[in-house]
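Q: Structure incoming, see below.
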Amino acid sequence: MIGLPRAGIVAALVLAALGHGHAATIDLNRIFDIGKDVATAASGLSEDEEIAVGREVAGRTLGAAPLVADPELQAYVNQVGRWVAAQTERPDLPWHFGVIASPAINAFAAPGGYVLVTRGLYEILDNEAQLAGVLGHEIGHIVRRHHITVMQQSAAVSAGAKIAQGGDRSYLVNNLIGTGAEVLARGLDKDAEFEADRVGVILAARAGYDPYALVDVLQKLAARGQDDQALVLLFKTHPAPGERLNHLGDALTPRIAQLPSGAAPALRQVSAPATAPAAAKPVPIEGARALQQEAPAAPAQSSQDSGSGGIDGGAILRGIFGR
Amino acid sequence: MTRRPAILAAALVAMVLGAASAGAAEQVTVERESRLYAEPRLDARELAVLAPGVVADVAGKSGAWLNVRTPSAAGWVFSFNVRFGTKSSGAAPVSSGAEDSAIGRVFGPRRDVNVTSTIGVRGLDSEDLRQAHFNAEQMKLLDGYALSKDAAEQGARAKGLSAAQVDYLEGASR
């Protein structure tokens, strides 16, 4: 499945060739081989690669904010999240859920099935149906591959840079994450957020929860306002909650009479004391390393070199509430 | 001493907005023109059409519906057509501190939340994410909490939840 416009790849190749000092000596066959590789990595990302990319992003996010030290809470969130994820067309991804130690109100999805909710968000929720709605929104980003789409767009732009480097696959994936981070820092397409809201509502309903619980969460966010420090990143990366309510309302109105009312079980309380996020230590890039093993032609790029170039932090994430 | 101005202000706001009930009424402002129904059903009798900007007291909630009262009418509106609070309180209809009085009582019992009071503790921002490094220990923990599909389903059934067939919503924005 090639999602990247072929014309875009060709344009990138031409631009790269023109901008390169050795343009006159470039082996055209080699360029076309690499071009094919770029196309594969950027648009035809396999599920394993998608998971590897997501795992890297999730691990980096945990480097910024570790899991809340409450094993029962984490098990509980995995039970709810896994059950909601089972209602999707990708029920067998390696789904992982976690509550991270941050007072910010946000949630993050990384490709391949990784969902992290901040403690700040968890603690404004009133019931399990609201948690299911929030997780459903994040699961929606993953199921619909929203981050991958953003990365593809970035990869198309940077395909030329890649060609100058040679053609190994791990470089391509690193490049996907690295450039994707820049795109995500600007925020996602609004439509992706509206779509994730629509998916979240329905996934919660399929899992037997009150489908309108996500509406309640959006009302809470709307009521907190733009000045709330806990919402800085969320408001930066998402349409305003009021706008999301309008879109969701438009989609829900014709279905109001048919949607099941669903249940809203009690939410498990956090029992761990609130602590400041611990500083993270740099460690090898696990996902990239795994991919390098599949790529015998990898150049001598240190897997420890996570601070420069290649993968740019967890900023790839989609928060939910975003991204 | 410092209470008096606050009480006075609250009284003034209540008077200006024509709040029917005394004290901290939960109020919403109509965001989009909304039909007011006699019951929380689309086939119920339509009582009125509420214009944007109308302020109403909230008396209850049922699924997607809010039971509201204006000085001239009472009935049910879609909850996503209103915003909690009033425009007079600025862009944020209800401040974080006052949230307990409005949304909390409508959406359910609020727990003691210590989120916005952690002044000085910076939340997770884009710079934190950009500079973060992979934490293998934490990933191991995350892996350990993962659950199988079957185990998750058992957990759901134990809570009385069962799966329902529901089609995805049509994308109105696309």
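Each chain in the structure tokens gets a letter, A, B, ..., in the order shown, and its residues are numbered from 1; ligands are numbered from 1 in order too.
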Contacts of Val77 (chain B) at 6 Å or less, counting only C-alpha atoms, minus same-chain residues fewer than 2 places along, as JSON, numbers by chain?

A: {"B": [36, 65, 66]}

Q: Store the residues of this selection in a file with C-alpha atoms, as a PDB file, in the first residue's frame.

A:
```
ATOM      1  CA  LEU B  36     -35.840  22.614  24.621  1.00  0.00           C
ATOM      2  CA  TRP B  65     -29.281  15.540  27.923  1.00  0.00           C
ATOM      3  CA  LEU B  66     -29.192  18.306  30.498  1.00  0.00           C
TER       4      LEU B  66
END
```

Q: Got a sec to pull out which chain A residues are within 6 Å of chain B, counting only C-alpha atoms, and send them as a compact mmCIF listing (two decimals) with N, CA and C atoms, in the first residue's frame?

A:
```txt
# COMPACT_ATOMS: atom_id res chain seq x y z
N GLY A 59 8.61 4.87 25.24
CA GLY A 59 9.73 4.79 26.17
C GLY A 59 10.33 6.16 26.47
N ARG A 60 10.35 7.00 25.48
CA ARG A 60 10.86 8.35 25.68
C ARG A 60 9.90 9.19 26.52
N GLY A 63 10.45 8.45 29.88
CA GLY A 63 11.66 9.13 30.33
C GLY A 63 11.36 10.54 30.82
N ALA A 64 10.33 11.15 30.26
CA ALA A 64 9.94 12.50 30.69
C ALA A 64 9.05 12.44 31.93
N ALA A 75 -2.68 -1.75 36.57
CA ALA A 75 -3.37 -2.96 36.11
C ALA A 75 -4.82 -2.63 35.75
N GLN A 79 -6.76 -3.00 32.19
CA GLN A 79 -7.98 -3.80 32.02
C GLN A 79 -9.02 -3.00 31.21
N ARG A 82 -7.57 -2.24 27.55
CA ARG A 82 -7.49 -3.43 26.69
C ARG A 82 -8.88 -3.87 26.24
N TRP A 83 -9.85 -3.72 27.14
CA TRP A 83 -11.24 -4.07 26.83
C TRP A 83 -11.80 -3.12 25.76
N HIS A 96 -0.76 -1.37 25.30
CA HIS A 96 -0.19 -1.04 26.60
C HIS A 96 -0.83 0.26 27.08
N SER A 102 2.44 13.09 36.13
CA SER A 102 2.50 14.51 35.75
C SER A 102 1.20 15.18 36.14
N PRO A 103 1.29 16.39 36.69
CA PRO A 103 0.06 17.11 37.03
C PRO A 103 -0.62 17.71 35.81
N ALA A 104 0.06 17.69 34.67
CA ALA A 104 -0.57 18.20 33.44
C ALA A 104 -1.80 17.36 33.12
N GLY A 120 -2.75 13.93 36.14
CA GLY A 120 -3.59 15.13 36.17
C GLY A 120 -4.91 14.93 35.48
N ILE A 202 -17.72 5.98 20.30
CA ILE A 202 -18.29 4.71 19.85
C ILE A 202 -17.58 3.51 20.49
N ARG A 206 -19.35 0.60 22.52
CA ARG A 206 -19.20 -0.82 22.19
C ARG A 206 -18.75 -1.63 23.41
N ALA A 207 -17.96 -0.99 24.27
CA ALA A 207 -17.45 -1.69 25.45
C ALA A 207 -18.46 -1.69 26.59
N GLY A 208 -19.66 -1.13 26.34
CA GLY A 208 -20.72 -1.16 27.35
C GLY A 208 -20.79 0.06 28.25
N TYR A 212 -21.66 9.04 26.29
CA TYR A 212 -21.56 10.50 26.43
C TYR A 212 -20.54 10.93 27.48
N ALA A 223 -14.54 24.04 30.56
CA ALA A 223 -14.81 24.86 31.74
C ALA A 223 -13.53 25.33 32.43
N ARG A 224 -12.45 24.60 32.24
CA ARG A 224 -11.21 24.98 32.91
C ARG A 224 -10.57 26.20 32.25
N GLY A 225 -10.79 26.37 30.98
CA GLY A 225 -10.34 27.61 30.34
C GLY A 225 -8.89 27.60 29.89
N LEU A 233 -0.15 22.31 27.24
CA LEU A 233 0.23 21.50 26.08
C LEU A 233 -1.00 20.98 25.32
N LEU A 245 -16.57 19.90 21.07
CA LEU A 245 -17.95 19.59 21.47
C LEU A 245 -18.91 19.85 20.32
N GLY A 249 -21.01 16.95 18.72
CA GLY A 249 -22.47 17.12 18.79
C GLY A 249 -23.11 16.93 17.43
N ALA A 251 -22.03 15.15 14.99
CA ALA A 251 -21.98 13.74 14.61
C ALA A 251 -22.94 12.90 15.45
N PRO A 282 19.51 8.95 29.91
CA PRO A 282 19.56 8.49 28.53
C PRO A 282 19.89 7.00 28.47
N VAL A 283 19.17 6.28 27.68
CA VAL A 283 19.48 4.87 27.48
C VAL A 283 19.38 4.58 25.99
N ASP A 312 13.75 12.36 17.55
CA ASP A 312 13.55 13.50 18.42
C ASP A 312 12.44 13.24 19.39
N GLY A 313 12.79 12.74 20.50
CA GLY A 313 11.96 12.61 21.65
C GLY A 313 10.52 12.22 21.49
N GLY A 314 9.92 12.16 22.62
CA GLY A 314 8.54 11.74 22.64
C GLY A 314 7.62 12.74 22.05
N ALA A 315 8.15 13.78 21.48
CA ALA A 315 7.26 14.78 20.91
C ALA A 315 6.46 14.23 19.75
```

Q: List as a PyMOL selection string the protein and nucleic acid residues near Leu116 (chain A), meaning an atom at most 9 Å away when only C-alpha atoms are counted, but skip any in the same chain fewer than 5 places from it.

A: chain A and resi 58+61-62+67+96-100+106-110+135+138+319

Q: Between A:Asp70, A:Gln153, A:Glu56, A:Ile142, which one has atoms that come closest to Ala85 (chain A), using only C-alpha atoms?

A: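 Smallest distance to Ala85 (chain A) is found for A:Ile142.
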
Q: Which is closest to Arg90 (chain A) among A:Leu73, A:Arg145, A:Leu121, A:Asn78, if we use only C-alpha atoms?

A: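 Of A:Leu73, A:Arg145, A:Leu121, A:Asn78, the one nearest Arg90 (chain A), counting only C-alpha atoms, is A:Arg145.
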
Q: To one decimal place, how far is CA of Glu50 (chain A) from CA of Leu131 (chain A) in Å?

A: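 These two atoms are separated by 25.2 Å.
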
Q: Kindly give the distance, in Å, that separates CA of Ala196 (chain A) and CA of Gly242 (chain A), rounded to a single decimal.

A: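 One can read the CA of Ala196 (chain A) to CA of Gly242 (chain A) distance as 15.3 Å.
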
Q: Rounded to one decimal, what separation in Å do you get between CA of Glu33 (chain B) and CA of Leu50 (chain B)?

A: 5.6 Å
